[in-house]
file coords-v2.cif (mmCIF, C-alpha atoms)
data_final
#
loop_
_atom_site.group_PDB
_atom_site.id
_atom_site.type_symbol
_atom_site.label_atom_id
_atom_site.label_comp_id
_atom_site.auth_asym_id
_atom_site.auth_seq_id
_atom_site.Cartn_x
_atom_site.Cartn_y
_atom_site.Cartn_z
ATOM 1 C CA MET A 27 0.000 0.000 0.000
ATOM 2 C CA SER A 28 1.377 3.324 -0.924
ATOM 3 C CA SER A 29 1.214 6.385 1.269
ATOM 4 C CA PRO A 30 -0.509 9.490 -0.116
ATOM 5 C CA PHE A 31 2.263 11.580 1.446
ATOM 6 C CA LYS A 32 5.615 11.956 -0.187
ATOM 7 C CA ALA A 33 8.727 11.727 1.909
ATOM 8 C CA SER A 34 9.973 14.988 0.493
ATOM 9 C CA SER A 35 7.034 16.909 1.973
ATOM 10 C CA PHE A 36 8.127 16.165 5.545
ATOM 11 C CA ARG A 37 10.936 18.009 7.191
ATOM 12 C CA GLU A 38 12.543 17.663 10.571
ATOM 13 C CA VAL A 39 11.140 20.141 13.113
ATOM 14 C CA GLY A 40 13.442 21.434 15.821
ATOM 15 C CA ARG A 41 12.451 21.928 19.445
ATOM 16 C CA SER A 42 12.510 25.716 19.193
ATOM 17 C CA GLU A 43 10.123 25.648 16.236
ATOM 18 C CA MET A 44 7.739 23.402 18.134
ATOM 19 C CA LEU A 45 7.661 25.965 20.930
ATOM 20 C CA GLY A 46 6.976 28.718 18.438
ATOM 21 C CA VAL A 47 10.364 30.390 18.833
ATOM 22 C CA SER A 48 12.534 30.579 15.802
ATOM 23 C CA GLY A 49 16.114 31.687 15.430
ATOM 24 C CA VAL A 50 17.091 30.863 19.037
ATOM 25 C CA SER A 51 20.711 30.012 19.586
ATOM 26 C CA GLY A 52 22.295 28.943 22.820
ATOM 27 C CA CYS A 53 24.097 26.119 24.509
ATOM 28 C CA GLY A 54 21.250 23.656 24.030
ATOM 29 C CA GLY A 55 19.820 24.552 20.658
ATOM 30 C CA LEU A 56 20.749 23.280 17.225
ATOM 31 C CA ARG A 57 23.008 26.206 16.517
ATOM 32 C CA GLY A 58 24.538 26.172 20.061
ATOM 33 C CA LYS A 59 26.687 23.165 19.328
ATOM 34 C CA LEU A 60 28.648 25.177 16.816
ATOM 35 C CA ASP A 61 28.627 28.430 18.804
ATOM 36 C CA ASP A 62 31.927 29.539 20.433
ATOM 37 C CA ARG A 63 30.139 31.275 23.340
ATOM 38 C CA CYS A 64 28.710 28.041 24.759
ATOM 39 C CA GLY A 65 31.020 27.940 27.841
ATOM 40 C CA GLN A 66 31.426 31.667 28.379
ATOM 41 C CA SER A 67 29.192 31.899 31.473
ATOM 42 C CA THR A 68 31.025 29.009 33.103
ATOM 43 C CA ILE A 69 34.384 30.689 32.551
ATOM 44 C CA GLU A 70 33.048 33.997 33.877
ATOM 45 C CA ALA A 71 31.664 32.296 36.983
ATOM 46 C CA ALA A 72 35.008 30.578 37.562
ATOM 47 C CA PHE A 73 36.669 34.002 37.740
ATOM 48 C CA VAL A 74 33.951 35.948 39.571
ATOM 49 C CA LEU A 75 32.902 33.494 42.315
ATOM 50 C CA PRO A 76 36.288 33.284 44.110
ATOM 51 C CA ILE A 77 36.585 37.071 44.095
ATOM 52 C CA LEU A 78 33.031 37.409 45.413
ATOM 53 C CA MET A 79 33.694 34.882 48.192
ATOM 54 C CA LEU A 80 36.901 36.714 49.170
ATOM 55 C CA LEU A 81 35.006 40.014 49.375
ATOM 56 C CA ILE A 82 32.364 38.432 51.616
ATOM 57 C CA LEU A 83 35.117 36.978 53.807
ATOM 58 C CA MET A 84 36.807 40.392 54.021
ATOM 59 C CA MET A 85 33.524 41.990 55.178
ATOM 60 C CA LEU A 86 32.874 39.263 57.748
ATOM 61 C CA GLN A 87 36.007 39.866 59.875
ATOM 62 C CA PRO A 88 35.278 43.556 60.590
ATOM 63 C CA ALA A 89 31.661 42.660 61.400
ATOM 64 C CA ILE A 90 32.828 40.090 63.969
ATOM 65 C CA CYS A 91 35.261 42.567 65.530
ATOM 66 C CA LEU A 92 32.582 45.271 65.634
ATOM 67 C CA TYR A 93 30.128 42.912 67.365
ATOM 68 C CA ASP A 94 32.775 42.002 69.957
ATOM 69 C CA HIS A 95 33.608 45.669 70.544
ATOM 70 C CA ILE A 96 29.942 46.619 71.038
ATOM 71 C CA VAL A 97 29.341 43.831 73.568
ATOM 72 C CA MET A 98 32.599 44.587 75.392
ATOM 73 C CA ARG A 99 31.833 48.325 75.553
ATOM 74 C CA SER A 100 28.351 47.639 76.925
ATOM 75 C CA ALA A 101 29.744 45.240 79.548
ATOM 76 C CA ALA A 102 32.400 47.801 80.533
ATOM 77 C CA ALA A 103 29.757 50.549 80.897
ATOM 78 C CA GLU A 104 27.615 48.298 83.097
ATOM 79 C CA GLY A 105 30.723 47.396 85.093
ATOM 80 C CA CYS A 106 31.421 51.118 85.650
ATOM 81 C CA ARG A 107 27.871 51.658 86.847
ATOM 82 C CA LEU A 108 28.234 48.705 89.225
ATOM 83 C CA LEU A 109 31.560 50.000 90.569
ATOM 84 C CA ALA A 110 30.089 53.471 91.106
ATOM 85 C CA THR A 111 26.935 52.311 92.905
ATOM 86 C CA SER A 112 27.702 49.019 94.637
ATOM 87 C CA PRO A 113 29.962 48.314 97.606
ATOM 88 C CA SER A 114 30.616 44.739 96.362
ATOM 89 C CA ASP A 115 34.091 43.226 96.083
ATOM 90 C CA ALA A 116 36.186 43.027 92.900
ATOM 91 C CA SER A 117 35.513 39.345 92.195
ATOM 92 C CA THR A 118 31.725 39.894 92.269
ATOM 93 C CA ASN A 119 32.064 42.825 89.873
ATOM 94 C CA GLU A 120 34.313 40.830 87.542
ATOM 95 C CA ASP A 121 31.867 37.901 87.559
ATOM 96 C CA TYR A 122 29.071 40.319 86.640
ATOM 97 C CA ILE A 123 31.111 41.686 83.708
ATOM 98 C CA ARG A 124 32.009 38.156 82.533
ATOM 99 C CA ARG A 125 28.311 37.212 82.531
ATOM 100 C CA ARG A 126 27.650 40.209 80.270
ATOM 101 C CA LEU A 127 30.519 39.092 78.018
ATOM 102 C CA SER A 128 28.890 35.678 77.606
ATOM 103 C CA ALA A 129 26.901 37.248 74.730
ATOM 104 C CA ILE A 130 30.076 36.750 72.681
ATOM 105 C CA PRO A 131 30.169 33.118 71.446
ATOM 106 C CA ASP A 132 33.055 30.921 72.594
ATOM 107 C CA ILE A 133 34.157 30.359 68.997
ATOM 108 C CA PRO A 134 37.778 31.269 68.170
ATOM 109 C CA ILE A 135 36.737 33.769 65.486
ATOM 110 C CA PHE A 136 34.716 35.647 68.158
ATOM 111 C CA HIS A 137 36.694 34.913 71.344
ATOM 112 C CA GLU A 138 39.898 32.900 71.703
ATOM 113 C CA HIS A 139 39.226 30.467 74.536
ATOM 114 C CA SER A 140 42.023 27.899 74.179
ATOM 115 C CA GLY A 141 44.182 27.630 77.283
ATOM 116 C CA GLY A 142 41.691 29.529 79.430
ATOM 117 C CA CYS A 143 39.590 32.626 78.974
ATOM 118 C CA SER A 144 41.363 35.421 77.117
ATOM 119 C CA TYR A 145 39.309 38.287 78.569
ATOM 120 C CA GLU A 146 41.486 40.642 80.566
ATOM 121 C CA ILE A 147 39.378 42.861 82.828
ATOM 122 C CA GLU A 148 40.888 45.789 84.710
ATOM 123 C CA MET A 149 38.719 47.764 87.136
ATOM 124 C CA VAL A 150 39.777 51.039 88.760
ATOM 125 C CA GLY A 151 37.861 52.816 91.511
ATOM 126 C CA ASP A 152 34.830 52.115 93.675
ATOM 127 C CA GLU A 153 31.773 53.968 95.022
ATOM 128 C CA THR A 154 33.995 56.214 97.182
ATOM 129 C CA SER A 155 36.167 57.328 94.231
ATOM 130 C CA SER A 156 35.412 60.344 92.112
ATOM 131 C CA GLU A 157 35.831 58.303 88.898
ATOM 132 C CA VAL A 158 35.705 54.641 87.941
ATOM 133 C CA SER A 159 36.891 52.897 84.798
ATOM 134 C CA VAL A 160 36.758 49.417 83.303
ATOM 135 C CA MET A 161 39.102 48.146 80.607
ATOM 136 C CA ILE A 162 38.332 44.894 78.761
ATOM 137 C CA SER A 163 40.678 43.193 76.314
ATOM 138 C CA ASN A 164 39.825 40.231 74.072
ATOM 139 C CA ARG A 165 41.725 38.098 71.544
ATOM 140 C CA VAL A 166 40.104 36.952 68.292
ATOM 141 C CA ARG A 167 41.492 34.481 65.775
ATOM 142 C CA PRO A 168 41.472 35.951 62.238
ATOM 143 C CA LEU A 169 39.566 34.175 59.485
ATOM 144 C CA PRO A 170 41.492 31.985 57.032
ATOM 145 C CA LEU A 171 43.238 33.857 54.196
ATOM 146 C CA LEU A 172 42.878 37.115 56.123
ATOM 147 C CA ASP A 173 45.359 35.976 58.745
ATOM 148 C CA LEU A 174 48.096 35.870 56.106
ATOM 149 C CA ALA A 175 47.325 39.425 54.990
ATOM 150 C CA MET A 176 47.163 40.599 58.615
ATOM 151 C CA ARG A 177 50.509 38.956 59.396
ATOM 152 C CA LEU A 178 52.061 40.778 56.461
ATOM 153 C CA ALA A 179 50.560 44.045 57.737
ATOM 154 C CA ASN A 180 51.855 43.253 61.263
ATOM 155 C CA ALA A 181 48.338 43.627 62.702
ATOM 156 C CA LEU A 182 48.410 40.509 64.913
ATOM 157 C CA ASP A 183 49.869 39.924 68.368
ATOM 158 C CA GLU A 184 52.626 37.383 69.080
ATOM 159 C CA GLY A 185 50.064 34.560 69.312
ATOM 160 C CA GLY A 186 48.643 35.343 65.874
ATOM 161 C CA ASP A 187 45.401 36.856 67.213
ATOM 162 C CA ILE A 188 43.619 40.175 66.767
ATOM 163 C CA VAL A 189 43.464 42.133 70.033
ATOM 164 C CA ILE A 190 40.285 44.113 70.696
ATOM 165 C CA GLU A 191 40.375 46.512 73.626
ATOM 166 C CA THR A 192 37.856 48.939 75.059
ATOM 167 C CA ARG A 193 37.971 51.294 78.022
ATOM 168 C CA VAL A 194 35.005 53.057 79.624
ATOM 169 C CA GLY A 195 35.274 55.630 82.389
ATOM 170 C CA MET A 196 32.700 57.687 84.234
ATOM 171 C CA SER A 197 32.379 59.831 87.306
ATOM 172 C CA THR A 198 30.683 58.239 90.271
ATOM 173 C CA GLN A 199 28.566 61.276 91.119
ATOM 174 C CA PRO A 200 27.116 64.019 88.955
ATOM 175 C CA GLU A 201 28.650 67.466 89.339
ATOM 176 C CA TRP A 202 25.781 68.824 91.424
ATOM 177 C CA ALA A 203 26.144 65.980 93.945
ATOM 178 C CA GLU A 204 29.897 66.427 94.299
ATOM 179 C CA SER A 205 29.487 70.104 95.124
ATOM 180 C CA SER A 206 26.705 69.399 97.637
ATOM 181 C CA SER A 207 27.179 70.446 101.251
ATOM 182 C CA GLU A 208 25.736 67.073 102.288
ATOM 183 C CA GLY A 209 28.808 65.259 100.956
ATOM 184 C CA SER A 210 29.309 63.036 97.946
ATOM 185 C CA SER A 211 28.648 59.668 99.555
ATOM 186 C CA PRO A 212 25.121 58.237 99.307
ATOM 187 C CA ARG A 213 25.682 56.594 102.722
ATOM 188 C CA GLU A 214 26.143 60.040 104.292
ATOM 189 C CA TRP A 215 22.860 61.207 102.708
ATOM 190 C CA VAL A 216 20.996 58.205 104.124
ATOM 191 C CA ASN A 217 22.557 58.558 107.587
ATOM 192 C CA LYS A 218 21.489 62.208 107.797
ATOM 193 C CA LEU A 219 17.846 61.333 107.227
#

call {"tool": "encode", "arguments": {"input": "coords-v2.cif", "output": "structure tokens"}}
result
Amino acid sequence: MSSPFKASSFREVGRSEMLGVSGVSGCGGLRGKLDDRCGQSTIEAAFVLPILMLLILMMLQPAICLYDHIVMRSAAAEGCRLLATSPSDASTNEDYIRRRLSAIPDIPIFHEHSGGCSYEIEMVGDETSSEVSVMISNRVRPLPLLDLAMRLANALDEGGDIVIETRVGMSTQPEWAESSSEGSSPREWVNKL
């Protein structure tokens, strides 16, 4: 039996023509196999992605150091307030400051904790002093790749860590209280009542 259709009347239809799009070239089409631009986006990504990751890494280290500095400054300010208003001993005040510093994770990139706690807390003054101050120092391990650059810039301590330090000072009494005829000690004010 012969077919009413001739073989010459049929032609091969490409995928893009079936979808109603003609003249499309790319890495999957009929013309894409002969196109020189087929791997261009892969090559571009191979160059751009490492640079992008390095930029993200370079922005992450200052963000970590800034977070540490903010928490340390807040803990030092609260420690000053405690020194100025509380007759407690130095170990109680230091424990209070260390509890505030627990907001910093015990991860080496936030707080170096190997071989004991690296926080150094120095407190000066008490409620009888005219001024109090708290100094807190912390060591942070630099992120990979950045530690090499920081070593070359001589920005690390002898242990290879970044040192973050903050100092907060304040007067124990406002100016009007210090010039008062009743004295500057709150205990004297209470005893006179």

call {"tool": "atom_distance", "arguments": {"input": "coords-v2.cif", "atom1": "CA of Cys106 in chain A", "atom2": "CA of Met149 in chain A"}}
result
8.2 Å

call {"tool": "residues_around", "arguments": {"input": "coords-v2.cif", "residues": "Gly151 in chain A", "least_positions_apart": "3", "cutoff": "10 Å", "atoms": "all atoms listed in the file", "output": "list in words"}}
result
Cys106, Leu109, Ala110, Thr154, Ser155, Ser156, Glu157, Val158, Ser159, Val160, Gly195, Ser197 and Thr198 of chain A

call {"tool": "atom_distance", "arguments": {"input": "coords-v2.cif", "atom1": "CA of Leu86 in chain A", "atom2": "CA of Glu70 in chain A"}}
result
24.4 Å

call {"tool": "atom_distance", "arguments": {"input": "coords-v2.cif", "atom1": "CA of Ser144 in chain A", "atom2": "CA of Ser114 in chain A"}}
result
23.9 Å

call {"tool": "closest_residue", "arguments": {"input": "coords-v2.cif", "among": "A:Asn164, A:Ile82, A:Asp173, A:Asp187", "to": "His95 in chain A", "atoms": "all atoms listed in the file"}}
result
A:Asn164

call {"tool": "closest_residue", "arguments": {"input": "coords-v2.cif", "among": "A:Glu146, A:Asp115, A:Asp183, A:Asp152", "to": "Met98 in chain A", "atoms": "all atoms listed in the file"}}
result
A:Glu146

call {"tool": "closest_atom_pairs", "arguments": {"input": "coords-v2.cif", "of": "range 153-202 of chain A", "to": "range 129-140 of chain A", "cutoff": "8 Å", "atoms": "only C-alpha atoms", "output": "CSV"}}
result
residue,atom,partner,partner_atom,distance
A:Asn164,CA,A:His137,CA,6.7
A:Arg165,CA,A:Glu138,CA,5.5
A:Val166,CA,A:His137,CA,5.0
A:Arg167,CA,A:Ile135,CA,4.8
A:Pro168,CA,A:Ile135,CA,6.1
A:Leu169,CA,A:Ile135,CA,6.6

call {"tool": "residues_around", "arguments": {"input": "coords-v2.cif", "residues": "Leu172 in chain A", "least_positions_apart": "4", "cutoff": "10 Å", "atoms": "all atoms listed in the file", "output": "PyMOL selection string"}}
result
chain A and resi 80+83-84+87+168+176-178

call {"tool": "resolve_selection", "arguments": {"input": "coords-v2.cif", "expression": "the PyMOL selection byres ((chain A and resi 102) around 10)", "output": "list of chain:residue names"}}
result
A:Ile96, A:Val97, A:Met98, A:Arg99, A:Ser100, A:Ala101, A:Ala103, A:Glu104, A:Gly105, A:Cys106, A:Arg107, A:Leu108, A:Ile123, A:Arg124, A:Arg126, A:Leu127, A:Ile147, A:Glu148, A:Met149, A:Ser159, A:Val160, A:Met161, A:Ile162, A:Thr192, A:Arg193, A:Val194, A:Gly195

call {"tool": "closest_residue", "arguments": {"input": "coords-v2.cif", "among": "A:Val150, A:Ala179, A:Val216, A:Leu174", "to": "Met196 in chain A", "atoms": "all atoms listed in the file"}}
result
A:Val150

call {"tool": "decode", "arguments": {"input": "coords-v2.cif", "residues": "range 136-170 of chain A", "atoms": "N, CA, C and O atoms", "output": "PDB file, in the first residue's frame"}}
result
ATOM      1  N   PHE A 136      35.343  34.617  67.339  1.00  0.00           N
ATOM      2  CA  PHE A 136      34.716  35.647  68.158  1.00  0.00           C
ATOM      3  C   PHE A 136      35.493  35.893  69.450  1.00  0.00           C
ATOM      4  O   PHE A 136      35.581  37.010  69.933  1.00  0.00           O
ATOM      5  N   HIS A 137      36.017  34.809  70.048  1.00  0.00           N
ATOM      6  CA  HIS A 137      36.694  34.913  71.344  1.00  0.00           C
ATOM      7  C   HIS A 137      37.618  33.716  71.482  1.00  0.00           C
ATOM      8  O   HIS A 137      37.164  32.577  71.505  1.00  0.00           O
ATOM      9  N   GLU A 138      38.913  33.969  71.565  1.00  0.00           N
ATOM     10  CA  GLU A 138      39.898  32.900  71.703  1.00  0.00           C
ATOM     11  C   GLU A 138      39.795  32.339  73.120  1.00  0.00           C
ATOM     12  O   GLU A 138      40.006  33.065  74.085  1.00  0.00           O
ATOM     13  N   HIS A 139      39.470  31.067  73.233  1.00  0.00           N
ATOM     14  CA  HIS A 139      39.226  30.467  74.536  1.00  0.00           C
ATOM     15  C   HIS A 139      40.176  29.306  74.838  1.00  0.00           C
ATOM     16  O   HIS A 139      40.059  28.660  75.861  1.00  0.00           O
ATOM     17  N   SER A 140      41.104  29.015  73.936  1.00  0.00           N
ATOM     18  CA  SER A 140      42.023  27.899  74.179  1.00  0.00           C
ATOM     19  C   SER A 140      43.018  28.282  75.270  1.00  0.00           C
ATOM     20  O   SER A 140      43.549  29.387  75.286  1.00  0.00           O
ATOM     21  N   GLY A 141      43.251  27.369  76.186  1.00  0.00           N
ATOM     22  CA  GLY A 141      44.182  27.630  77.283  1.00  0.00           C
ATOM     23  C   GLY A 141      43.626  28.577  78.329  1.00  0.00           C
ATOM     24  O   GLY A 141      44.368  29.260  79.010  1.00  0.00           O
ATOM     25  N   GLY A 142      42.319  28.649  78.457  1.00  0.00           N
ATOM     26  CA  GLY A 142      41.691  29.529  79.430  1.00  0.00           C
ATOM     27  C   GLY A 142      41.077  30.741  78.758  1.00  0.00           C
ATOM     28  O   GLY A 142      41.316  31.021  77.594  1.00  0.00           O
ATOM     29  N   CYS A 143      40.300  31.458  79.506  1.00  0.00           N
ATOM     30  CA  CYS A 143      39.590  32.626  78.974  1.00  0.00           C
ATOM     31  C   CYS A 143      40.586  33.742  78.663  1.00  0.00           C
ATOM     32  O   CYS A 143      41.486  34.023  79.440  1.00  0.00           O
ATOM     33  N   SER A 144      40.415  34.371  77.516  1.00  0.00           N
ATOM     34  CA  SER A 144      41.363  35.421  77.117  1.00  0.00           C
ATOM     35  C   SER A 144      40.890  36.821  77.477  1.00  0.00           C
ATOM     36  O   SER A 144      41.563  37.791  77.141  1.00  0.00           O
ATOM     37  N   TYR A 145      39.750  36.956  78.146  1.00  0.00           N
ATOM     38  CA  TYR A 145      39.309  38.287  78.569  1.00  0.00           C
ATOM     39  C   TYR A 145      40.227  38.791  79.673  1.00  0.00           C
ATOM     40  O   TYR A 145      40.481  38.101  80.657  1.00  0.00           O
ATOM     41  N   GLU A 146      40.732  39.989  79.502  1.00  0.00           N
ATOM     42  CA  GLU A 146      41.486  40.642  80.566  1.00  0.00           C
ATOM     43  C   GLU A 146      40.653  41.831  81.016  1.00  0.00           C
ATOM     44  O   GLU A 146      40.357  42.723  80.222  1.00  0.00           O
ATOM     45  N   ILE A 147      40.249  41.819  82.289  1.00  0.00           N
ATOM     46  CA  ILE A 147      39.378  42.861  82.828  1.00  0.00           C
ATOM     47  C   ILE A 147      40.146  43.623  83.897  1.00  0.00           C
ATOM     48  O   ILE A 147      40.674  43.027  84.835  1.00  0.00           O
ATOM     49  N   GLU A 148      40.203  44.922  83.737  1.00  0.00           N
ATOM     50  CA  GLU A 148      40.888  45.789  84.710  1.00  0.00           C
ATOM     51  C   GLU A 148      39.882  46.817  85.209  1.00  0.00           C
ATOM     52  O   GLU A 148      39.292  47.558  84.420  1.00  0.00           O
ATOM     53  N   MET A 149      39.671  46.838  86.531  1.00  0.00           N
ATOM     54  CA  MET A 149      38.719  47.764  87.136  1.00  0.00           C
ATOM     55  C   MET A 149      39.455  48.730  88.057  1.00  0.00           C
ATOM     56  O   MET A 149      40.289  48.298  88.854  1.00  0.00           O
ATOM     57  N   VAL A 150      39.132  50.017  87.932  1.00  0.00           N
ATOM     58  CA  VAL A 150      39.777  51.039  88.760  1.00  0.00           C
ATOM     59  C   VAL A 150      38.689  51.859  89.428  1.00  0.00           C
ATOM     60  O   VAL A 150      37.778  52.355  88.765  1.00  0.00           O
ATOM     61  N   GLY A 151      38.801  51.998  90.759  1.00  0.00           N
ATOM     62  CA  GLY A 151      37.861  52.816  91.511  1.00  0.00           C
ATOM     63  C   GLY A 151      36.753  52.003  92.163  1.00  0.00           C
ATOM     64  O   GLY A 151      36.598  50.811  91.932  1.00  0.00           O
ATOM     65  N   ASP A 152      35.996  52.704  93.027  1.00  0.00           N
ATOM     66  CA  ASP A 152      34.830  52.115  93.675  1.00  0.00           C
ATOM     67  C   ASP A 152      33.837  53.237  93.964  1.00  0.00           C
ATOM     68  O   ASP A 152      33.998  54.354  93.479  1.00  0.00           O
ATOM     69  N   GLU A 153      32.814  52.957  94.790  1.00  0.00           N
ATOM     70  CA  GLU A 153      31.773  53.968  95.022  1.00  0.00           C
ATOM     71  C   GLU A 153      32.275  55.181  95.796  1.00  0.00           C
ATOM     72  O   GLU A 153      31.651  56.231  95.787  1.00  0.00           O
ATOM     73  N   THR A 154      33.445  55.066  96.451  1.00  0.00           N
ATOM     74  CA  THR A 154      33.995  56.214  97.182  1.00  0.00           C
ATOM     75  C   THR A 154      34.924  57.066  96.314  1.00  0.00           C
ATOM     76  O   THR A 154      35.303  58.161  96.722  1.00  0.00           O
ATOM     77  N   SER A 155      35.286  56.583  95.133  1.00  0.00           N
ATOM     78  CA  SER A 155      36.167  57.328  94.231  1.00  0.00           C
ATOM     79  C   SER A 155      35.371  58.385  93.473  1.00  0.00           C
ATOM     80  O   SER A 155      34.159  58.318  93.378  1.00  0.00           O
ATOM     81  N   SER A 156      36.100  59.340  92.927  1.00  0.00           N
ATOM     82  CA  SER A 156      35.412  60.344  92.112  1.00  0.00           C
ATOM     83  C   SER A 156      35.167  59.822  90.693  1.00  0.00           C
ATOM     84  O   SER A 156      34.221  60.236  90.033  1.00  0.00           O
ATOM     85  N   GLU A 157      36.008  58.899  90.219  1.00  0.00           N
ATOM     86  CA  GLU A 157      35.831  58.303  88.898  1.00  0.00           C
ATOM     87  C   GLU A 157      36.128  56.819  88.965  1.00  0.00           C
ATOM     88  O   GLU A 157      36.939  56.364  89.766  1.00  0.00           O
ATOM     89  N   VAL A 158      35.456  56.080  88.089  1.00  0.00           N
ATOM     90  CA  VAL A 158      35.705  54.641  87.941  1.00  0.00           C
ATOM     91  C   VAL A 158      35.948  54.365  86.457  1.00  0.00           C
ATOM     92  O   VAL A 158      35.488  55.103  85.593  1.00  0.00           O
ATOM     93  N   SER A 159      36.682  53.294  86.187  1.00  0.00           N
ATOM     94  CA  SER A 159      36.891  52.897  84.798  1.00  0.00           C
ATOM     95  C   SER A 159      37.037  51.381  84.717  1.00  0.00           C
ATOM     96  O   SER A 159      37.474  50.734  85.671  1.00  0.00           O
ATOM     97  N   VAL A 160      36.627  50.850  83.574  1.00  0.00           N
ATOM     98  CA  VAL A 160      36.758  49.417  83.303  1.00  0.00           C
ATOM     99  C   VAL A 160      37.393  49.273  81.930  1.00  0.00           C
ATOM    100  O   VAL A 160      36.961  49.900  80.959  1.00  0.00           O
ATOM    101  N   MET A 161      38.439  48.446  81.866  1.00  0.00           N
ATOM    102  CA  MET A 161      39.102  48.146  80.607  1.00  0.00           C
ATOM    103  C   MET A 161      38.943  46.653  80.349  1.00  0.00           C
ATOM    104  O   MET A 161      39.195  45.837  81.233  1.00  0.00           O
ATOM    105  N   ILE A 162      38.496  46.300  79.139  1.00  0.00           N
ATOM    106  CA  ILE A 162      38.332  44.894  78.761  1.00  0.00           C
ATOM    107  C   ILE A 162      39.130  44.662  77.484  1.00  0.00           C
ATOM    108  O   ILE A 162      39.056  45.438  76.537  1.00  0.00           O
ATOM    109  N   SER A 163      39.884  43.576  77.479  1.00  0.00           N
ATOM    110  CA  SER A 163      40.678  43.193  76.314  1.00  0.00           C
ATOM    111  C   SER A 163      40.292  41.773  75.912  1.00  0.00           C
ATOM    112  O   SER A 163      40.038  40.924  76.767  1.00  0.00           O
ATOM    113  N   ASN A 164      40.239  41.524  74.609  1.00  0.00           N
ATOM    114  CA  ASN A 164      39.825  40.231  74.072  1.00  0.00           C
ATOM    115  C   ASN A 164      40.730  39.875  72.903  1.00  0.00           C
ATOM    116  O   ASN A 164      41.198  40.747  72.185  1.00  0.00           O
ATOM    117  N   ARG A 165      40.961  38.575  72.695  1.00  0.00           N
ATOM    118  CA  ARG A 165      41.725  38.098  71.544  1.00  0.00           C
ATOM    119  C   ARG A 165      40.796  37.326  70.620  1.00  0.00           C
ATOM    120  O   ARG A 165      39.986  36.519  71.066  1.00  0.00           O
ATOM    121  N   VAL A 166      40.943  37.581  69.311  1.00  0.00           N
ATOM    122  CA  VAL A 166      40.104  36.952  68.292  1.00  0.00           C
ATOM    123  C   VAL A 166      41.017  36.340  67.239  1.00  0.00           C
ATOM    124  O   VAL A 166      41.974  36.971  66.809  1.00  0.00           O
ATOM    125  N   ARG A 167      40.710  35.110  66.831  1.00  0.00           N
ATOM    126  CA  ARG A 167      41.492  34.481  65.775  1.00  0.00           C
ATOM    127  C   ARG A 167      40.997  34.995  64.422  1.00  0.00           C
ATOM    128  O   ARG A 167      39.804  34.977  64.139  1.00  0.00           O
ATOM    129  N   PRO A 168      41.906  35.456  63.551  1.00  0.00           N
ATOM    130  CA  PRO A 168      41.472  35.951  62.238  1.00  0.00           C
ATOM    131  C   PRO A 168      40.961  34.816  61.351  1.00  0.00           C
ATOM    132  O   PRO A 168      41.356  33.660  61.520  1.00  0.00           O
ATOM    133  N   LEU A 169      40.106  35.153  60.417  1.00  0.00           N
ATOM    134  CA  LEU A 169      39.566  34.175  59.485  1.00  0.00           C
ATOM    135  C   LEU A 169      40.658  33.698  58.537  1.00  0.00           C
ATOM    136  O   LEU A 169      41.639  34.403  58.299  1.00  0.00           O
ATOM    137  N   PRO A 170      40.491  32.491  57.983  1.00  0.00           N
ATOM    138  CA  PRO A 170      41.492  31.985  57.032  1.00  0.00           C
ATOM    139  C   PRO A 170      41.661  32.953  55.856  1.00  0.00           C
ATOM    140  O   PRO A 170      40.738  33.647  55.470  1.00  0.00           O
TER     141      PRO A 170
END
